[in-house]
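Structure data (mmCIF, C-alpha atoms) from coords_33.cif:
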data_start
#
loop_
_atom_site.group_PDB
_atom_site.id
_atom_site.type_symbol
_atom_site.label_atom_id
_atom_site.label_comp_id
_atom_site.auth_asym_id
_atom_site.auth_seq_id
_atom_site.Cartn_x
_atom_site.Cartn_y
_atom_site.Cartn_z
ATOM 1 C CA MET M 1 88.384 75.812 93.993
ATOM 2 C CA PRO M 2 91.706 75.371 95.883
ATOM 3 C CA PRO M 3 91.806 72.960 98.835
ATOM 4 C CA PRO M 4 91.686 74.478 102.342
ATOM 5 C CA ARG M 5 94.930 75.018 104.150
ATOM 6 C CA SER M 6 95.789 74.613 107.799
ATOM 7 C CA SER M 7 95.905 77.757 109.927
ATOM 8 C CA GLY M 8 99.225 76.986 111.618
ATOM 9 C CA ARG M 9 101.126 80.172 112.497
ATOM 10 C CA GLY M 10 104.633 81.006 113.556
ATOM 11 C CA ALA M 11 105.473 83.039 116.634
ATOM 12 C CA PRO M 12 105.080 86.806 116.086
ATOM 13 C CA ARG M 13 108.281 88.815 115.716
ATOM 14 C CA ARG M 14 107.953 92.327 117.102
ATOM 15 C CA ARG M 15 109.217 95.359 115.212
ATOM 16 C CA GLN M 16 110.714 98.296 117.094
ATOM 17 C CA PRO M 17 108.293 101.269 116.967
ATOM 18 C CA GLY M 18 109.245 104.127 114.678
ATOM 19 C CA ARG M 19 111.804 102.155 112.679
ATOM 20 C CA ARG M 20 111.304 100.674 109.210
ATOM 21 C CA GLY M 21 112.839 97.228 109.055
ATOM 22 C CA GLY M 22 114.172 97.569 112.606
ATOM 23 C CA ASN M 23 117.404 99.325 111.539
ATOM 24 C CA ALA M 24 116.420 102.652 109.933
ATOM 25 C CA PRO M 25 116.841 105.783 112.075
ATOM 26 C CA VAL M 26 113.760 107.299 113.668
ATOM 27 C CA ARG M 27 112.562 110.253 111.614
ATOM 28 C CA GLY M 28 109.534 112.468 111.710
ATOM 29 C CA LEU M 29 107.307 113.342 108.787
ATOM 30 C CA TRP M 30 104.436 115.677 108.038
ATOM 31 C CA LEU M 31 100.980 114.314 107.246
ATOM 32 C CA TYR M 32 98.460 116.695 105.713
ATOM 33 C CA GLY M 33 94.835 116.822 104.678
ATOM 34 C CA ARG M 34 91.869 116.313 106.988
ATOM 35 C CA HIS M 35 91.378 112.575 106.436
ATOM 36 C CA ALA M 36 95.064 111.702 106.856
ATOM 37 C CA VAL M 37 95.517 113.869 109.958
ATOM 38 C CA PHE M 38 92.291 112.778 111.646
ATOM 39 C CA ALA M 39 93.096 109.106 110.996
ATOM 40 C CA ALA M 40 96.530 109.596 112.559
ATOM 41 C CA LEU M 41 94.978 111.238 115.628
ATOM 42 C CA ALA M 42 92.489 108.375 115.912
ATOM 43 C CA ASN M 43 95.250 105.749 115.773
ATOM 44 C CA PRO M 44 96.589 104.959 119.286
ATOM 45 C CA ARG M 45 99.738 103.499 117.706
ATOM 46 C CA ARG M 46 100.600 106.814 116.044
ATOM 47 C CA GLN M 47 102.964 109.177 117.879
ATOM 48 C CA VAL M 48 101.851 112.733 117.107
ATOM 49 C CA GLU M 49 104.311 115.526 117.891
ATOM 50 C CA ARG M 50 102.680 118.652 116.517
ATOM 51 C CA VAL M 51 99.454 119.761 114.836
ATOM 52 C CA VAL M 52 99.153 122.990 112.842
ATOM 53 C CA ALA M 53 95.871 124.264 111.392
ATOM 54 C CA THR M 54 94.442 127.466 110.023
ATOM 55 C CA ALA M 55 91.904 129.399 112.061
ATOM 56 C CA GLU M 56 89.257 128.553 109.460
ATOM 57 C CA PHE M 57 89.963 124.827 109.762
ATOM 58 C CA GLN M 58 89.791 124.961 113.538
ATOM 59 C CA GLN M 59 86.498 126.829 113.436
ATOM 60 C CA ARG M 60 84.970 124.090 111.253
ATOM 61 C CA PHE M 61 86.543 120.935 112.625
ATOM 62 C CA ALA M 62 88.115 121.490 116.079
ATOM 63 C CA ALA M 63 85.197 119.757 117.797
ATOM 64 C CA ASP M 64 85.755 116.667 115.621
ATOM 65 C CA LEU M 65 89.397 116.053 116.574
ATOM 66 C CA PRO M 66 89.700 112.353 117.490
ATOM 67 C CA ARG M 67 92.383 113.056 120.105
ATOM 68 C CA PRO M 68 92.704 116.043 122.474
ATOM 69 C CA VAL M 69 95.931 117.670 121.293
ATOM 70 C CA PRO M 70 97.188 121.241 121.285
ATOM 71 C CA VAL M 71 96.707 122.813 117.872
ATOM 72 C CA GLU M 72 98.954 125.624 116.661
ATOM 73 C CA THR M 73 97.297 128.275 114.553
ATOM 74 C CA GLY M 74 99.014 129.114 111.296
ATOM 75 C CA ASP M 75 98.005 130.605 107.992
ATOM 76 C CA ARG M 76 98.173 128.878 104.625
ATOM 77 C CA ALA M 77 101.507 130.484 103.837
ATOM 78 C CA MET M 78 102.992 128.898 106.965
ATOM 79 C CA LEU M 79 101.642 125.473 105.979
ATOM 80 C CA ASP M 80 102.988 125.925 102.453
ATOM 81 C CA ASP M 81 106.417 126.657 103.933
ATOM 82 C CA LEU M 82 106.269 123.564 106.161
ATOM 83 C CA LEU M 83 104.965 121.179 103.528
ATOM 84 C CA GLY M 84 105.932 122.629 100.177
ATOM 85 C CA PRO M 85 103.654 124.384 97.697
ATOM 86 C CA ALA M 86 102.529 121.137 96.019
ATOM 87 C CA ALA M 87 100.924 119.705 99.179
ATOM 88 C CA VAL M 88 97.102 119.867 99.152
ATOM 89 C CA HIS M 89 96.835 120.321 102.917
ATOM 90 C CA GLN M 90 93.254 121.614 103.304
ATOM 91 C CA GLY M 91 94.436 123.848 106.146
ATOM 92 C CA VAL M 92 95.815 121.184 108.514
ATOM 93 C CA ALA M 93 99.023 119.208 109.043
ATOM 94 C CA ALA M 94 100.506 116.975 111.729
ATOM 95 C CA ARG M 95 104.134 116.167 112.506
ATOM 96 C CA VAL M 96 104.273 112.460 113.394
ATOM 97 C CA GLN M 97 106.621 109.528 113.804
ATOM 98 C CA PRO M 98 106.357 106.736 111.218
ATOM 99 C CA LEU M 99 104.109 103.842 112.134
ATOM 100 C CA PRO M 100 105.732 100.672 113.452
ATOM 101 C CA LEU M 101 105.064 98.068 110.794
ATOM 102 C CA LEU M 102 103.911 94.561 111.664
ATOM 103 C CA SER M 103 105.813 91.470 110.643
ATOM 104 C CA VAL M 104 103.965 89.078 108.363
ATOM 105 C CA GLU M 105 103.808 86.671 111.333
ATOM 106 C CA GLU M 106 102.011 89.307 113.395
ATOM 107 C CA LEU M 107 99.597 90.119 110.579
ATOM 108 C CA ALA M 108 98.843 86.419 110.030
ATOM 109 C CA ALA M 109 98.245 85.922 113.751
ATOM 110 C CA ASP M 110 95.778 88.829 113.813
ATOM 111 C CA LEU M 111 93.805 87.710 110.753
ATOM 112 C CA PRO M 112 90.516 85.861 111.291
ATOM 113 C CA ALA M 113 91.256 82.139 111.630
ATOM 114 C CA THR M 114 88.245 81.128 109.543
ATOM 115 C CA GLY M 115 85.784 82.672 107.142
ATOM 116 C CA PRO M 116 86.229 84.940 104.112
ATOM 117 C CA ALA M 117 89.119 87.418 104.131
ATOM 118 C CA GLN M 118 91.351 89.046 101.562
ATOM 119 C CA VAL M 119 94.752 90.698 101.899
ATOM 120 C CA LEU M 120 97.043 92.456 99.438
ATOM 121 C CA VAL M 121 100.748 91.739 98.910
ATOM 122 C CA LEU M 122 102.801 94.365 97.051
ATOM 123 C CA ASP M 123 105.975 93.116 95.387
ATOM 124 C CA GLU M 124 108.360 96.103 95.388
ATOM 125 C CA VAL M 125 105.778 98.757 94.488
ATOM 126 C CA THR M 126 107.708 102.001 94.959
ATOM 127 C CA ASP M 127 105.385 104.825 93.876
ATOM 128 C CA PRO M 128 103.965 106.411 97.065
ATOM 129 C CA ARG M 129 100.780 107.654 95.397
ATOM 130 C CA ASN M 130 100.099 104.220 93.947
ATOM 131 C CA VAL M 131 100.638 102.607 97.357
ATOM 132 C CA GLY M 132 98.390 105.216 98.965
ATOM 133 C CA ALA M 133 95.661 104.598 96.395
ATOM 134 C CA ILE M 134 95.993 100.829 96.953
ATOM 135 C CA LEU M 135 95.593 101.296 100.716
ATOM 136 C CA ARG M 136 92.493 103.416 100.126
ATOM 137 C CA SER M 137 90.947 100.724 97.905
ATOM 138 C CA ALA M 138 91.925 98.002 100.378
ATOM 139 C CA ALA M 139 90.118 99.824 103.175
ATOM 140 C CA ALA M 140 87.112 100.579 100.962
ATOM 141 C CA PHE M 141 86.693 96.901 100.038
ATOM 142 C CA GLY M 142 87.259 95.525 103.520
ATOM 143 C CA ALA M 143 90.725 93.992 103.101
ATOM 144 C CA ALA M 144 92.182 92.569 106.303
ATOM 145 C CA GLY M 145 95.676 93.935 105.707
ATOM 146 C CA VAL M 146 98.454 94.824 103.275
ATOM 147 C CA VAL M 147 101.978 93.409 103.028
ATOM 148 C CA VAL M 148 104.847 95.402 101.507
ATOM 149 C CA THR M 149 108.485 94.487 100.937
ATOM 150 C CA ARG M 150 111.119 95.770 103.356
ATOM 151 C CA HIS M 151 113.374 96.873 100.500
ATOM 152 C CA ASN M 152 112.469 98.649 97.256
ATOM 153 C CA ALA M 153 109.111 99.781 98.619
ATOM 154 C CA ALA M 154 107.479 103.193 98.966
ATOM 155 C CA GLU M 155 108.480 104.960 102.179
ATOM 156 C CA GLU M 156 105.785 106.470 104.381
ATOM 157 C CA THR M 157 105.336 110.079 103.245
ATOM 158 C CA GLY M 158 102.743 112.806 103.391
ATOM 159 C CA ALA M 159 101.902 112.178 99.731
ATOM 160 C CA LEU M 160 101.307 108.480 100.409
ATOM 161 C CA ALA M 161 99.107 109.240 103.430
ATOM 162 C CA LYS M 162 97.125 111.849 101.493
ATOM 163 C CA ALA M 163 96.479 109.392 98.643
ATOM 164 C CA ALA M 164 95.424 106.773 101.221
ATOM 165 C CA SER M 165 92.814 109.200 102.616
ATOM 166 C CA GLY M 166 93.119 107.846 106.171
ATOM 167 C CA ALA M 167 93.663 104.169 105.293
ATOM 168 C CA LEU M 168 97.359 104.293 106.250
ATOM 169 C CA ASP M 169 96.350 104.592 109.912
ATOM 170 C CA SER M 170 93.283 102.361 109.821
ATOM 171 C CA LEU M 171 94.533 99.306 107.925
ATOM 172 C CA PRO M 172 97.048 96.733 109.269
ATOM 173 C CA LEU M 173 100.303 97.137 107.333
ATOM 174 C CA ALA M 174 103.092 94.553 107.452
ATOM 175 C CA GLU M 175 106.490 94.262 105.822
ATOM 176 C CA ALA M 176 108.319 91.186 104.574
ATOM 177 C CA GLY M 177 112.096 90.985 104.528
ATOM 178 C CA ASN M 178 111.757 87.876 102.363
ATOM 179 C CA LEU M 179 108.554 88.001 100.326
ATOM 180 C CA ARG M 180 108.699 84.332 99.378
ATOM 181 C CA ARG M 181 108.700 83.396 103.069
ATOM 182 C CA GLY M 182 105.937 85.946 103.682
ATOM 183 C CA LEU M 183 103.743 84.259 101.099
ATOM 184 C CA GLU M 184 104.419 80.863 102.664
ATOM 185 C CA LEU M 185 103.316 82.257 106.045
ATOM 186 C CA LEU M 186 100.065 83.467 104.494
ATOM 187 C CA LYS M 187 99.565 80.048 102.902
ATOM 188 C CA ALA M 188 100.056 78.451 106.327
ATOM 189 C CA ALA M 189 97.320 80.762 107.633
ATOM 190 C CA GLY M 190 94.939 79.310 105.045
ATOM 191 C CA PHE M 191 95.269 81.926 102.269
ATOM 192 C CA TRP M 192 95.436 81.112 98.573
ATOM 193 C CA CYS M 193 98.121 83.331 96.971
ATOM 194 C CA LEU M 194 96.874 84.589 93.613
ATOM 195 C CA GLY M 195 99.274 86.679 91.549
ATOM 196 C CA LEU M 196 97.987 89.336 89.152
ATOM 197 C CA ASP M 197 100.094 89.106 86.009
ATOM 198 C CA HIS M 198 99.822 89.725 82.287
ATOM 199 C CA PRO M 199 99.763 87.426 80.447
ATOM 200 C CA ALA M 200 98.598 84.638 82.778
ATOM 201 C CA PRO M 201 97.068 81.161 82.397
ATOM 202 C CA ALA M 202 93.630 82.327 83.619
ATOM 203 C CA VAL M 203 91.567 85.515 83.544
ATOM 204 C CA LEU M 204 89.883 87.275 86.433
ATOM 205 C CA GLY M 205 86.171 86.485 86.579
ATOM 206 C CA ALA M 206 86.388 83.066 84.930
ATOM 207 C CA GLU M 207 85.625 81.494 88.301
ATOM 208 C CA PRO M 208 84.967 82.847 91.800
ATOM 209 C CA PRO M 209 88.132 83.686 93.747
ATOM 210 C CA PRO M 210 88.839 81.668 96.921
ATOM 211 C CA ASP M 211 87.217 82.938 100.108
ATOM 212 C CA ARG M 212 90.601 83.314 101.853
ATOM 213 C CA LEU M 213 92.785 85.081 99.343
ATOM 214 C CA ALA M 214 96.052 87.009 99.153
ATOM 215 C CA TRP M 215 96.228 89.113 95.983
ATOM 216 C CA VAL M 216 99.878 89.533 94.914
ATOM 217 C CA LEU M 217 100.705 92.545 92.731
ATOM 218 C CA GLY M 218 103.976 93.551 91.112
ATOM 219 C CA ALA M 219 105.679 96.853 90.473
ATOM 220 C CA GLU M 220 104.918 99.186 87.610
ATOM 221 C CA GLY M 221 106.563 98.054 84.390
ATOM 222 C CA ARG M 222 108.337 94.945 85.683
ATOM 223 C CA GLY M 223 105.341 93.247 87.281
ATOM 224 C CA LEU M 224 105.852 90.290 89.587
ATOM 225 C CA ARG M 225 109.399 89.100 90.149
ATOM 226 C CA ARG M 226 110.097 85.562 88.959
ATOM 227 C CA LEU M 227 110.440 83.986 92.418
ATOM 228 C CA THR M 228 107.322 85.794 93.607
ATOM 229 C CA ALA M 229 105.313 84.504 90.662
ATOM 230 C CA GLU M 230 106.644 80.989 91.209
ATOM 231 C CA THR M 231 105.648 81.104 94.891
ATOM 232 C CA CYS M 232 102.063 82.109 94.082
ATOM 233 C CA ASP M 233 99.553 79.257 93.964
ATOM 234 C CA SER M 234 98.294 80.498 90.593
ATOM 235 C CA LEU M 235 98.365 83.521 88.314
ATOM 236 C CA VAL M 236 95.477 85.443 86.794
ATOM 237 C CA ALA M 237 95.201 88.331 84.335
ATOM 238 C CA ILE M 238 92.642 91.125 84.217
ATOM 239 C CA PRO M 239 91.158 91.074 80.695
ATOM 240 C CA ILE M 240 91.725 94.414 78.958
ATOM 241 C CA ALA M 241 91.667 95.743 75.391
ATOM 242 C CA ALA M 242 94.501 94.472 73.203
ATOM 243 C CA GLU M 243 95.569 98.065 72.493
ATOM 244 C CA MET M 244 96.579 98.533 76.157
ATOM 245 C CA GLU M 245 99.611 96.725 77.505
ATOM 246 C CA SER M 246 98.652 96.832 81.186
ATOM 247 C CA LEU M 247 96.782 98.639 83.961
ATOM 248 C CA ASN M 248 98.150 100.922 86.634
ATOM 249 C CA VAL M 249 98.851 98.760 89.692
ATOM 250 C CA SER M 250 96.458 100.728 91.895
ATOM 251 C CA ASN M 251 93.648 100.285 89.345
ATOM 252 C CA ALA M 252 94.394 96.565 89.100
ATOM 253 C CA ALA M 253 94.234 96.263 92.889
ATOM 254 C CA ALA M 254 90.846 98.000 93.034
ATOM 255 C CA ILE M 255 89.397 95.732 90.332
ATOM 256 C CA ALA M 256 90.665 92.579 92.061
ATOM 257 C CA LEU M 257 89.384 93.680 95.467
ATOM 258 C CA TYR M 258 85.978 94.492 94.009
ATOM 259 C CA GLU M 259 85.771 91.143 92.214
ATOM 260 C CA TRP M 260 86.364 89.272 95.479
ATOM 261 C CA CYS M 261 83.727 91.382 97.250
ATOM 262 C CA ARG M 262 81.251 90.872 94.420
ATOM 263 C CA CYS M 263 81.643 87.104 94.579
ATOM 264 C CA HIS M 264 81.492 86.884 98.373
ATOM 265 C CA GLY M 265 78.834 89.529 99.049
ATOM 266 C CA LEU M 266 81.183 91.782 100.997
ATOM 267 C CA PRO M 267 81.261 94.519 102.078
ATOM 268 C CA VAL M 268 77.537 94.903 102.628
ATOM 269 C CA ALA M 269 76.093 97.627 100.410
ATOM 270 C CA PRO M 270 74.389 100.523 102.249
ATOM 271 C CA THR M 271 70.611 100.676 102.280
ATOM 272 C CA GLY M 272 69.261 102.033 99.012
ATOM 273 C CA ALA M 273 72.437 101.284 97.052
#
Can you dump the structure from the file as C-alpha cells?
Amino acid sequence: MPPPRSSGRGAPRRRQPGRRGGNAPVRGLWLYGRHAVFAALANPRRQVERVVATAEFQQRFAADLPRPVPVETGDRAMLDDLLGPAAVHQGVAARVQPLPLLSVEELAADLPATGPAQVLVLDEVTDPRNVGAILRSAAAFGAAGVVVTRHNAAEETGALAKAASGALDSLPLAEAGNLRRGLELLKAAGFWCLGLDHPAPAVLGAEPPPDRLAWVLGAEGRGLRRLTAETCDSLVAIPIAAEMESLNVSNAAAIALYEWCRCHGLPVAPTGA
C-alpha cells in the first residue's frame, strides 16, 4: 500500500468561461438526446441559447425540464437538418456554449481532503465517443472528476455529450496544459497516480488499489506517453487473453473504476441488488 501524501494545494487558476485553454474562440454547439439536454439545463454553469423539441417530446417531458426555458417546436426533419442525419436526437436538441473547464488546481482544491476518492486522467485521448463513454462510467462509479489534456484531446461535441449520457454536465472536468505537472498536483493532494498500461509490472486485482487514486489512461494505439508513464507512481495491466493485444480505452476505464469501487465498497449498491 503506498504511503499517504500531504494534501498541500496550489492556488486555483481560473479559466475564462466558454473558452478551451483560455485562447480558443467562443463557439456554440448542439447537444442532443434527452439525457444530454436535461443535464445541460440542470447545470447552472451551462449557457443555453436555444432549445428545440418535437411536439411529441414536449408532450411527454415538458414538465420535467430542469430549467424554465422557451422551447421551440420543430419536427424530426428540422432536427435532422440542424444536427445531421446521424444524430440520435430523441426529438430534442439544445444550442449551448461549451463548458468552462477547470484547471487541475481548481479540481484538486474541490476534491475531498480526506477519505476514499478516485479520479481519471486521460493522456491525449482524442475519440469523442470514447471520452463520452469514459465520462459516463466515471459518473456511474462515483469518480470525483476527470482530467484531460489541453492539446490533442477530444473537443466537446454533441456526439461526446450523447455518449456521456448527461455525465458531461454533472462531473467536474479539468484540463492540464502540462500533464506531468497535473499529475504532480494530484500527488500533492494525496492521490496515488496509477497508470494503466500493457505490459506492466503488476496486474489489476493483485492487491487492492489505494483509497485515493488517480487512474491514468493513454490514447488508443499509442497508450501512455513515456513522460506520463514515468510520472505515474506505478503501472498496472488489466489481465486479458493472450490473443487480444489490448482493450478499448473506455472499457479499460470502466473495469478500473469498478475494481476500485469493489475494493472500497463504493458506490453503495441499491436495495435488492
Practice task
Around the point (97.1, 78.3, 83.3) in the file's coordinates, collect all residues with an atom within 12 Å, using all atoms listed in the file, and return them as number ranges by chain.
Solution key: M: 195, 197-204, 206, 233-237
Go ahead and write the selection's residues with C-alpha atoms as a short mmCIF file (atom, residue, chain, number, x, y, z; two decimals), in the frame of the given file.
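Output file out.cif is given in full below:
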data_model
loop_
_atom_site.label_atom_id
_atom_site.label_comp_id
_atom_site.auth_asym_id
_atom_site.auth_seq_id
_atom_site.Cartn_x
_atom_site.Cartn_y
_atom_site.Cartn_z
CA GLY M 195 99.27 86.68 91.55
CA ASP M 197 100.09 89.11 86.01
CA HIS M 198 99.82 89.72 82.29
CA PRO M 199 99.76 87.43 80.45
CA ALA M 200 98.60 84.64 82.78
CA PRO M 201 97.07 81.16 82.40
CA ALA M 202 93.63 82.33 83.62
CA VAL M 203 91.57 85.52 83.54
CA LEU M 204 89.88 87.28 86.43
CA ALA M 206 86.39 83.07 84.93
CA ASP M 233 99.55 79.26 93.96
CA SER M 234 98.29 80.50 90.59
CA LEU M 235 98.36 83.52 88.31
CA VAL M 236 95.48 85.44 86.79
CA ALA M 237 95.20 88.33 84.34
#
Practice task
Determine, counting only C-alpha atoms, every residue of protein, DNA or RNA that lies within 6 Å of (107.8, 109.5, 113.9) in the file coordinates, then give the result as a VMD selection string.
Solution key: chain M and resid 18 27 to 28 96 to 98
Problem - Point-to-point distance from atom CA of M:Glu124 to atom CA of M:Ser165, Å rounded to tenths - result: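 Interatomic distance here is 21.6 Å.
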Practice task
Please evaluate the PyMOL selection byres ((chain M and resi 166) around 9) against the structure above and give the resulting residues as a PyMOL selection string.
Solution key: chain M and resi 34-40+135-136+161-165+167-171
Problem - Using all atoms listed in the file: which of M:Pro100, M:Pro68, M:Gly265, M:Gly74 has the shortest distance to M:Pro208 - result: M:Gly265
Practice task
Compare M:Asn130, M:Ser137, M:Ser246, M:Gln47 by their minimum atom-to-atom distance to M:Leu160, counting only C-alpha atoms, and give me the closest one.
Solution key: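 Closest to M:Leu160, using only C-alpha atoms: M:Asn130.
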Set out as a tab-separated table a contact list for stretch 21-128 of chain M and stretch 253-264 of chain M with a cut-off of 12 Å, giving each residue of stretch 21-128 of chain M that qualifies its closest atom pair and distance in Å to one decimal, counting only C-alpha atoms, ordered by chain and rising residue number.
residue	atom	partner	partner_atom	distance
M:Gly115	CA	M:His264	CA	10.6
M:Pro116	CA	M:His264	CA	7.7
M:Ala117	CA	M:Trp260	CA	9.3
M:Gln118	CA	M:Trp260	CA	7.9
M:Val119	CA	M:Leu257	CA	8.9
M:Leu120	CA	M:Ala253	CA	8.1
M:Val121	CA	M:Ala253	CA	10.0
M:Leu122	CA	M:Ala253	CA	9.7
M:Val125	CA	M:Ala253	CA	11.9
Exercise for the section: For M:Leu227, please output as a VMD selection string all residues within 12 Å (counting all atoms listed in the file; exclusion window: fewer than 2 positions along the same chain). Expected result: chain M and resid 123 178 to 181 183 195 218 223 to 225 229 to 233
